[in-house]
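A.B. asks: File model_35.tsv follows (TSV, C-alpha atoms):
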```
chain	number	residue	atom	x	y	z
S	300	MET	CA	-8.22	73.02	95.90
S	301	ASN	CA	-10.72	75.74	96.56
S	302	LYS	CA	-8.49	78.73	96.04
S	303	TYR	CA	-10.77	81.21	97.75
S	304	ASN	CA	-11.11	79.12	100.89
S	305	VAL	CA	-7.35	78.83	101.26
S	306	GLN	CA	-6.89	82.48	100.52
S	307	SER	CA	-9.23	83.67	103.22
S	308	ALA	CA	-7.95	81.11	105.72
S	309	ALA	CA	-4.30	81.96	105.11
S	310	ALA	CA	-4.95	85.67	105.52
S	311	ARG	CA	-6.48	84.96	108.91
S	312	TRP	CA	-3.75	82.63	110.18
S	313	ILE	CA	-1.21	85.37	110.70
S	314	ASP	CA	-3.68	87.56	112.57
S	315	ASP	CA	-5.16	84.79	114.71
S	316	HIS	CA	-2.15	82.58	115.38
S	317	GLY	CA	0.88	84.57	114.25
S	318	GLU	CA	1.95	85.66	117.74
S	319	CYS	CA	1.56	82.16	119.14
S	320	LEU	CA	3.58	80.57	116.33
S	321	TYR	CA	6.27	83.23	116.46
S	322	ARG	CA	6.65	83.17	120.23
S	323	TYR	CA	6.83	79.40	120.30
S	324	ALA	CA	9.46	79.36	117.58
S	325	LEU	CA	11.38	82.03	119.46
S	326	VAL	CA	11.35	80.00	122.69
S	327	ARG	CA	12.81	77.10	120.73
S	328	VAL	CA	15.41	78.76	118.49
S	329	ARG	CA	15.98	82.03	120.37
S	330	ARG	CA	16.95	84.02	117.26
S	331	PRO	CA	14.17	86.28	115.94
S	332	GLU	CA	15.19	86.02	112.28
S	333	VAL	CA	15.26	82.21	112.46
S	334	ALA	CA	11.89	82.17	114.24
S	335	GLU	CA	10.38	84.38	111.53
S	336	ASP	CA	11.67	82.09	108.79
S	337	LEU	CA	10.30	79.03	110.53
S	338	VAL	CA	6.85	80.58	110.89
S	339	GLN	CA	6.88	81.47	107.20
S	340	GLU	CA	7.97	77.97	106.19
S	341	ALA	CA	5.29	76.44	108.39
S	342	LEU	CA	2.54	78.61	106.92
S	343	LEU	CA	3.65	77.94	103.34
S	344	ALA	CA	3.52	74.23	104.14
S	345	ALA	CA	0.07	74.75	105.65
S	346	VAL	CA	-1.15	76.35	102.42
S	347	ARG	CA	0.16	73.36	100.45
S	348	GLY	CA	-1.42	70.88	102.84
S	349	TYR	CA	-4.67	72.75	103.45
S	350	GLU	CA	-6.74	70.05	101.77
S	351	LYS	CA	-5.54	67.52	104.30
S	352	PHE	CA	-6.71	69.64	107.21
S	353	GLY	CA	-10.17	68.28	107.75
S	354	GLY	CA	-10.94	70.27	110.86
S	355	ARG	CA	-10.26	67.24	113.05
S	356	SER	CA	-8.19	69.39	115.37
S	357	SER	CA	-8.37	73.09	116.00
S	358	GLU	CA	-6.74	75.31	113.41
S	359	ARG	CA	-4.18	76.41	115.95
S	360	SER	CA	-3.02	72.92	116.93
S	361	TRP	CA	-2.82	71.99	113.27
S	362	LEU	CA	-0.59	74.98	112.51
S	363	VAL	CA	1.47	74.50	115.67
S	364	GLY	CA	1.95	70.85	114.64
S	365	ILE	CA	3.38	71.92	111.29
S	366	LEU	CA	5.63	74.45	112.98
S	367	LYS	CA	6.93	71.76	115.36
S	368	ASN	CA	8.01	69.66	112.36
S	369	LYS	CA	9.79	72.65	110.87
S	370	ILE	CA	11.58	73.28	114.17
S	371	VAL	CA	12.72	69.66	114.38
S	372	ASP	CA	13.95	69.91	110.77
S	373	HIS	CA	15.84	73.03	111.76
S	374	PHE	CA	17.63	71.15	114.56
S	375	ARG	CA	18.26	68.27	112.19
S	376	LYS	CA	20.04	70.64	109.81
S	377	LEU	CA	22.07	72.16	112.63
S	378	GLY	CA	23.08	68.61	113.50
S	379	ARG	CA	26.58	68.24	114.75
S	380	GLU	CA	27.33	71.93	114.76
S	381	THR	CA	26.11	72.28	118.32
S	382	SER	CA	28.57	71.34	120.98
S	383	PHE	CA	27.87	69.91	124.33
S	384	THR	CA	29.03	72.19	127.12
S	385	ASP	CA	26.66	71.63	129.98
S	386	MET	CA	28.49	69.01	131.97
S	387	GLU	CA	28.47	71.14	135.08
S	388	PHE	CA	24.70	71.24	135.11
S	389	LEU	CA	24.56	67.51	134.45
S	390	SER	CA	26.90	66.63	137.26
S	391	ASP	CA	24.69	68.40	139.77
S	392	GLU	CA	22.79	65.61	141.48
S	393	PHE	CA	20.62	67.98	143.49
S	394	SER	CA	22.53	66.32	146.29
S	395	GLU	CA	21.18	68.57	149.03
S	396	LYS	CA	17.72	67.11	148.35
S	397	PHE	CA	18.75	63.67	149.52
S	398	VAL	CA	20.32	62.44	152.73
S	399	SER	CA	23.47	60.38	152.37
S	400	VAL	CA	21.72	57.01	152.30
S	401	GLY	CA	19.70	58.18	149.30
S	402	PHE	CA	16.26	58.96	150.74
S	403	TRP	CA	14.62	62.34	150.36
S	404	ASN	CA	15.52	64.87	152.98
S	405	HIS	CA	11.96	65.19	154.28
S	406	ASP	CA	12.14	68.95	154.61
S	407	LEU	CA	13.30	69.41	151.04
S	408	GLY	CA	11.24	66.76	149.24
S	409	PRO	CA	8.53	67.67	146.74
S	410	HIS	CA	5.72	69.70	148.26
S	411	GLU	CA	2.14	68.82	147.70
S	412	TRP	CA	0.85	70.67	144.65
S	413	LYS	CA	-2.74	71.50	144.18
S	414	PRO	CA	-2.73	71.78	140.44
S	415	GLU	CA	-5.97	72.54	138.80
S	416	PRO	CA	-4.98	71.75	135.24
S	417	ASP	CA	-8.12	73.10	133.61
S	418	GLU	CA	-7.84	76.35	135.45
S	419	VAL	CA	-4.10	76.66	134.87
S	420	MET	CA	-4.56	76.30	131.12
S	421	HIS	CA	-6.40	79.59	131.11
S	422	ARG	CA	-3.91	81.53	133.19
S	423	SER	CA	-1.27	83.44	131.31
S	424	GLU	CA	0.90	83.81	134.41
S	425	PHE	CA	1.42	80.07	134.53
S	426	TRP	CA	2.74	79.96	130.98
S	427	GLN	CA	5.04	82.89	131.70
S	428	VAL	CA	6.48	81.11	134.73
S	429	MET	CA	6.93	77.98	132.67
S	430	ARG	CA	8.76	79.86	129.94
S	431	GLU	CA	11.06	81.47	132.51
S	432	CYS	CA	11.77	78.05	133.98
S	433	PHE	CA	12.68	76.70	130.53
S	434	ALA	CA	14.95	79.66	129.99
S	435	LYS	CA	16.98	78.75	133.06
S	436	LEU	CA	17.95	75.37	131.64
S	437	PRO	CA	21.25	75.09	129.78
S	438	GLN	CA	20.66	75.28	126.05
S	439	LYS	CA	21.26	71.68	125.07
S	440	VAL	CA	19.27	70.31	128.00
S	441	ARG	CA	16.42	72.60	127.05
S	442	ASP	CA	16.60	71.46	123.43
S	443	VAL	CA	16.40	67.83	124.51
S	444	PHE	CA	13.51	68.40	126.90
S	445	THR	CA	11.44	70.59	124.58
S	446	MET	CA	11.96	68.24	121.66
S	447	ARG	CA	10.80	65.32	123.78
S	448	GLU	CA	7.92	66.88	125.71
S	449	MET	CA	6.68	69.61	123.40
S	450	ASP	CA	7.39	68.27	119.95
S	451	SER	CA	6.86	64.62	121.02
S	452	VAL	CA	9.87	63.41	119.07
S	453	PRO	CA	10.70	59.76	119.94
S	454	SER	CA	13.78	59.50	122.16
S	455	LYS	CA	15.79	57.47	119.63
S	456	GLU	CA	15.29	60.15	117.03
S	457	ILE	CA	16.39	62.89	119.42
S	458	CYS	CA	19.65	61.02	119.96
S	459	THR	CA	20.23	60.98	116.21
S	460	ILE	CA	19.27	64.60	115.63
S	461	LEU	CA	21.40	65.97	118.46
S	462	SER	CA	24.17	63.36	118.19
S	463	ILE	CA	24.00	62.22	121.78
S	464	THR	CA	24.02	58.77	123.35
S	465	ASP	CA	21.03	57.07	124.94
S	466	SER	CA	22.41	57.41	128.42
S	467	ASN	CA	23.22	61.07	127.86
S	468	LEU	CA	19.63	61.61	126.79
S	469	TRP	CA	18.21	59.96	129.91
S	470	VAL	CA	20.48	62.00	132.14
S	471	MET	CA	19.57	65.24	130.42
S	472	LEU	CA	15.83	64.54	130.52
S	473	HIS	CA	16.06	63.58	134.18
S	474	ARG	CA	17.97	66.72	135.12
S	475	ALA	CA	15.64	68.89	133.07
S	476	ARG	CA	12.58	67.43	134.76
S	477	MET	CA	14.11	67.77	138.19
S	478	ALA	CA	15.06	71.39	137.59
S	479	LEU	CA	11.71	72.31	136.00
S	480	ARG	CA	9.76	70.63	138.76
S	481	GLU	CA	11.74	72.56	141.32
S	482	CYS	CA	11.37	75.82	139.42
S	483	LEU	CA	7.60	75.47	138.98
S	484	GLU	CA	7.21	74.61	142.64
S	485	MET	CA	9.18	77.64	143.79
S	486	ASN	CA	7.79	80.12	141.33
S	487	TRP	CA	4.22	78.97	140.94
S	488	PHE	CA	2.85	76.36	143.31
S	489	ASP	CA	4.40	77.84	146.45
S	490	THR	CA	3.27	81.36	145.55
S	491	PRO	CA	-0.12	82.99	146.08
S	492	ALA	CA	-0.63	82.99	142.29
S	493	GLY	CA	-0.33	79.22	142.23
S	494	GLY	CA	-3.03	78.94	144.82
S	495	THR	CA	-1.51	76.73	147.53
S	496	VAL	CA	-0.48	79.50	149.87
B	162	MET	CA	24.73	68.32	154.04
B	163	PRO	CA	24.72	64.74	152.68
B	164	GLU	CA	26.27	63.66	156.01
B	165	GLU	CA	23.04	64.49	157.80
B	166	PRO	CA	21.56	61.22	159.09
B	167	TYR	CA	18.31	59.91	157.65
B	168	ASN	CA	15.43	61.21	159.72
B	169	PRO	CA	13.08	58.31	160.30
B	170	SER	CA	10.65	60.23	162.49
B	171	PRO	CA	6.98	59.78	161.54
B	172	ILE	CA	6.29	63.37	162.57
B	173	GLY	CA	5.42	65.38	159.49
B	174	ASN	CA	5.65	62.31	157.28
B	175	PRO	CA	2.32	61.78	155.54
B	176	SER	CA	3.35	58.50	153.87
B	177	VAL	CA	1.02	55.51	154.31
B	178	LEU	CA	3.65	53.70	156.37
B	179	ALA	CA	5.81	55.90	158.57
B	180	ARG	CA	7.15	54.07	161.64
B	181	ARG	CA	4.19	55.00	163.76
B	182	ASN	CA	4.43	51.68	165.62
B	183	TRP	CA	6.59	48.55	165.72
B	184	TRP	CA	4.87	46.87	162.74
B	185	GLN	CA	5.16	49.89	160.57
B	186	THR	CA	8.82	50.30	161.48
B	187	MET	CA	9.52	46.70	160.43
B	188	LEU	CA	7.65	47.16	157.15
B	189	VAL	CA	9.33	50.46	156.39
B	190	LYS	CA	12.76	48.91	156.96
B	191	LEU	CA	11.90	45.90	154.81
B	192	ILE	CA	10.52	47.97	151.92
B	193	GLY	CA	13.37	50.44	152.23
B	194	LYS	CA	15.84	47.59	151.92
B	195	TYR	CA	14.30	45.91	148.87
B	196	THR	CA	13.19	48.86	146.77
B	197	PRO	CA	15.41	51.51	145.13
B	198	LYS	CA	16.45	54.49	147.22
B	199	CYS	CA	14.71	57.77	146.36
B	200	ARG	CA	17.72	59.21	144.56
B	201	GLU	CA	17.59	56.21	142.22
B	202	MET	CA	13.78	56.10	142.14
B	203	VAL	CA	13.46	59.63	140.73
B	204	ARG	CA	15.81	58.64	137.90
B	205	ILE	CA	13.72	55.53	137.18
B	206	LEU	CA	10.51	57.57	137.32
B	207	SER	CA	11.89	60.01	134.77
B	208	GLN	CA	12.88	57.21	132.42
B	209	SER	CA	9.43	55.66	132.75
B	210	MET	CA	7.99	58.80	131.17
B	211	ASP	CA	9.67	57.70	127.94
B	212	GLU	CA	9.64	53.94	128.03
B	213	PRO	CA	7.49	51.41	129.89
B	214	MET	CA	8.67	50.29	133.30
B	215	PRO	CA	9.26	46.53	133.68
B	216	LEU	CA	6.59	44.74	135.75
B	217	MET	CA	8.96	43.94	138.62
B	218	MET	CA	9.97	47.58	138.89
B	219	ARG	CA	6.34	48.69	138.79
B	220	MET	CA	5.68	46.50	141.82
B	221	LYS	CA	8.72	47.85	143.64
B	222	LYS	CA	7.57	51.34	142.85
B	223	ARG	CA	4.14	50.67	144.38
B	224	LEU	CA	5.77	49.32	147.52
B	225	HIS	CA	8.19	52.20	147.68
B	226	PHE	CA	5.32	54.70	147.44
B	227	LEU	CA	3.83	53.17	150.61
B	228	ILE	CA	6.82	54.40	152.58
B	229	CYS	CA	7.54	57.51	150.52
B	230	CYS	CA	4.90	60.07	149.66
B	231	TRP	CA	7.64	62.30	148.21
B	232	CYS	CA	8.47	59.92	145.38
B	233	GLN	CA	4.77	59.48	144.75
B	234	ARG	CA	4.35	63.24	144.53
B	235	TYR	CA	7.39	63.39	142.30
B	236	GLU	CA	5.80	60.99	139.85
B	237	GLU	CA	2.48	62.85	139.85
B	238	GLN	CA	4.35	66.10	139.24
B	239	LEU	CA	6.35	64.63	136.35
B	240	ARG	CA	3.08	63.64	134.72
B	241	TYR	CA	1.74	67.10	135.33
B	242	LEU	CA	4.87	68.59	133.81
B	243	HIS	CA	4.45	66.31	130.80
B	244	GLU	CA	0.81	67.37	130.33
B	245	THR	CA	1.44	71.07	130.67
B	246	ALA	CA	4.66	71.12	128.63
B	247	GLY	CA	2.69	69.43	125.85
B	248	GLN	CA	0.14	72.24	126.02
B	249	PHE	CA	2.75	74.98	126.09
B	250	PRO	CA	3.19	75.50	122.32
B	251	GLU	CA	-0.46	76.38	121.82
B	252	HIS	CA	-0.27	78.85	124.69
B	253	ALA	CA	3.05	80.38	123.65
B	254	ASP	CA	1.36	83.71	122.87
B	255	GLU	CA	0.46	84.02	126.56
B	256	ALA	CA	3.96	83.10	127.73
B	257	SER	CA	5.85	86.14	126.50
B	258	ASP	CA	5.53	89.65	125.14
B	259	ALA	CA	7.90	89.16	122.21
B	260	ILE	CA	6.66	91.25	119.30
B	261	PHE	CA	6.18	89.62	115.93
B	262	PRO	CA	7.16	92.59	113.73
B	263	SER	CA	4.23	93.80	111.65
B	264	GLU	CA	6.36	94.22	108.53
B	265	THR	CA	7.30	90.54	108.79
B	266	LYS	CA	3.65	89.66	109.14
B	267	GLN	CA	2.86	91.63	105.99
B	268	ARG	CA	5.72	89.99	104.13
B	269	ILE	CA	4.52	86.51	105.08
B	270	LYS	CA	0.94	87.34	104.15
B	271	GLN	CA	2.20	88.44	100.75
B	272	ARG	CA	4.23	85.23	100.34
B	273	LEU	CA	1.17	83.16	101.20
B	274	ALA	CA	-0.97	85.06	98.73
B	275	ASP	CA	1.69	84.58	96.01
B	276	GLN	CA	1.83	80.88	96.74
B	277	ILE	CA	-1.92	80.47	96.37
B	278	ARG	CA	-2.18	82.48	93.18
```
For this file, produce the structure as C-alpha cells.
C.D. replies:
Amino acid sequence: MNKYNVQSAAARWIDDHGECLYRYALVRVRRPEVAEDLVQEALLAAVRGYEKFGGRSSERSWLVGILKNKIVDHFRKLGRETSFTDMEFLSDEFSEKFVSVGFWNHDLGPHEWKPEPDEVMHRSEFWQVMRECFAKLPQKVRDVFTMREMDSVPSKEICTILSITDSNLWVMLHRARMALRECLEMNWFDTPAGGTV
Amino acid sequence: MPEEPYNPSPIGNPSVLARRNWWQTMLVKLIGKYTPKCREMVRILSQSMDEPMPLMMRMKKRLHFLICCWCQRYEEQLRYLHETAGQFPEHADEASDAIFPSETKQRIKQRLADQIR
C-alpha cells in the first residue's frame, strides 16, 4: 500500500465528504453519537480497503457505499431489540383516496408531475423536502424503506435483520411509498419550487 | 367518504379510454371488470418494485392503464421515488444543516492517521 497516497486521501475525506456521511448516518440512526461512530468506522474501513478502490466510482459514492454497509450492520446488531409499534400507520389505507368500489377518487388521484430528474439532483431544496418527508414516517417503516431503497438491501435480508415477516415488509414498503409519494407531491411538485405551478 | 359513488364521467379524465362514447364505455367496463381495482393495483405496483411481476399481471396492468391514468402516474412516480431515494445518500449534505462537530472531525482524522502509520 502506498502509505502517502492513503494518508493524503484520508485527510481529505473528512473535509470533502464528512458532512455528507455524517448527515446521512444521522438521517438513518437519528442519534448524533451513533452517527459519529458509524462515520469513523466507515472511514477506518475505507483506509483498510483503499487498495481496492480503483476509481471506478466517485470517491463519494465509494465512501457512502461503505457507510451504508456499516449502517446495515448497526441495524443487524440492534436486531430484535426494536419493537414494532406502528400498526396505526399501517392500518391506514389512505381510504379517502379511493371510492368504495376501489377506483381512484379522480379528484384525489396522483397529479401529473413534471419531474426533471437531472435538474432536481442539483437542487438542495428537493433533498430537504425529501428528508422532511422521510422524517414523517414512523420509525420502523422508515427503517424498512431506507434500507430497501437507499441501501439496496434485498428484501429477504431486511426481513431477517428487522425480524419481520414477508407480508409485513410488503405492507410497510407499500405504505411508505404511498406516504412519501403524497408528501413529495404536496410539498414539492405542487409548489412553485417544484415547478409545476 | 368511501360511500361516494364512482364518478365515471369522462370530464377531466385524461385516460386513453374514458367513456367518451358507447364503445369506450363498453371497453372501460370490460377492463374494469377483469383487471384489479386501483386500490389493489397500487399494492401490486409497489411489490413489483421489489420482485418481477408475473406476465399475466403485466398484461392486466397495461390494460388497466388504458382506463386509468392515475395508476399509470402512480407507477411512474414510484420509479421516480426509487431513483431519487437511491441518490439521496450522496446528497445528504444538502438535505440538512446538522453540524458535524469539528472536534469529532479532528478526532477521526487522528484515528485515520494512527491507523495508516
A.B. asks: May I ask which of the residues B:Met187, B:Met218, B:Val203, B:Ile192 is the closest one to chain S, counting only C-alpha atoms?
C.D. replies: B:Val203
A.B. asks: Give the answer as one residue: which of B:Met202, B:Leu191, B:Leu273, B:Leu227 has the shortest atom-to-atom distance to chain S, using all atoms listed in the file?
C.D. replies: B:Leu273
A.B. asks: From the list B:Ile228, B:Gly193, B:Cys199, B:Pro262, which residue is nearest chain S when using all atoms listed in the file?
C.D. replies: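 Once distances to chain S are computed over all atoms listed in the file, the minimum belongs to B:Cys199.
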A.B. asks: Which one is closest to Thr445 (chain S): S:Ala324, S:Leu407, S:Ala310, S:Leu362? Count all atoms listed in the file.
C.D. replies: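 Nearest to Thr445 (chain S): S:Ala324.
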A.B. asks: List the spatial neighbours of Glu484 (chain S) as a list of chain:residue names - criterion: any atom at most 9 Å away, only C-alpha atoms, same-chain residues fewer than 4 positions off excluded.
C.D. replies: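 Near Glu484 (chain S), the qualifying residues are S:Pro409, S:His410, S:Trp412, S:Leu479, S:Arg480, S:Phe488, S:Asp489, S:Thr490, S:Gly493.
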A.B. asks: Could you check the closest approach to chain B for each of S:Trp487, S:Phe425, S:Tyr349, S:Phe402 and tell me which residue wins, using all atoms listed in the file?
C.D. replies: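 Closest to chain B, using all atoms listed in the file: S:Phe402.
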A.B. asks: Interatomic distance between CA of His421 (chain S) and CA of Val333 (chain S)?
C.D. replies: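 Computing the Euclidean distance for CA of His421 (chain S) and CA of Val333 (chain S) yields 28.7 Å.
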A.B. asks: Please, which residues in chain S fall within 6 Å of chain B when counting all atoms listed in the file, and what is the closest atom pair and distance in Å to one decimal for each, ordered by chain then residue number, as a Markdown table?
C.D. replies:
```
| residue | atom | partner | partner_atom | distance |
| --- | --- | --- | --- | --- |
| S:Glu318 | CA | B:Asp254 | CA | 5.5 |
| S:Cys319 | CA | B:Asp254 | CA | 4.0 |
| S:Arg322 | CA | B:Ala253 | CA | 5.7 |
| S:Tyr323 | CA | B:Ala253 | CA | 5.1 |
| S:Gln339 | CA | B:Ile269 | CA | 6.0 |
| S:Val398 | CA | B:Pro163 | CA | 5.0 |
| S:Ser399 | CA | B:Pro163 | CA | 4.5 |
| S:Gly401 | CA | B:Arg200 | CA | 5.2 |
| S:Phe402 | CA | B:Cys199 | CA | 4.8 |
| S:Gly408 | CA | B:Trp231 | CA | 5.8 |
| S:Pro409 | CA | B:Trp231 | CA | 5.6 |
| S:Ser423 | CA | B:Glu255 | CA | 5.1 |
| S:Trp426 | CA | B:Ala256 | CA | 4.7 |
| S:Gln427 | CA | B:Ala256 | CA | 4.1 |
| S:Glu448 | CA | B:Gly247 | CA | 5.8 |
| S:Met449 | CA | B:Gly247 | CA | 4.7 |
| S:His473 | CA | B:Ser207 | CA | 5.5 |
```
A.B. asks: Just how far from CA of Glu264 (chain B) is CA of Leu377 (chain S), in Å to one decimal?
C.D. replies: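 Separating CA of Leu377 (chain S) from CA of Glu264 (chain B) is a distance of 27.4 Å.
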A.B. asks: Any idea what's packed within 10 Å of Lys194 (chain B), counting all atoms listed in the file, ignoring anything in its chain fewer than 5 positions away? Could you give it as a list in words?
C.D. replies: Leu188, Val189 and His225 of chain B
A.B. asks: At what distance in Å, to one decimal, does CA of Glu456 (chain S) lie from CA of Leu325 (chain S)?
C.D. replies: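 That distance, rounded to one decimal, is 22.4 Å.
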A.B. asks: Would you please work out which residue, of S:Ile313, S:Ala434, S:Met446, S:Val305, is nearest to Lys367 (chain S) when using only C-alpha atoms?
C.D. replies: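 Smallest distance to Lys367 (chain S) is found for S:Met446.
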A.B. asks: Quick one: residues within 9 Å of Leu436 (chain S), only C-alpha atoms, excluding same-chain residues fewer than 2 positions away - as a ChimeraX atom specification?
C.D. replies: /S:388,432-434,438-441,475,478-479
A.B. asks: Please identify all polymer residues within 9 Å of Asp442 (chain S), counting all atoms listed in the file, omitting same-chain residues fewer than 6 positions from it, and present them as a list of chain:residue names.
C.D. replies: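 These residues fall inside the cut-off: S:Arg327, S:Val328, S:Phe374, S:Leu461.
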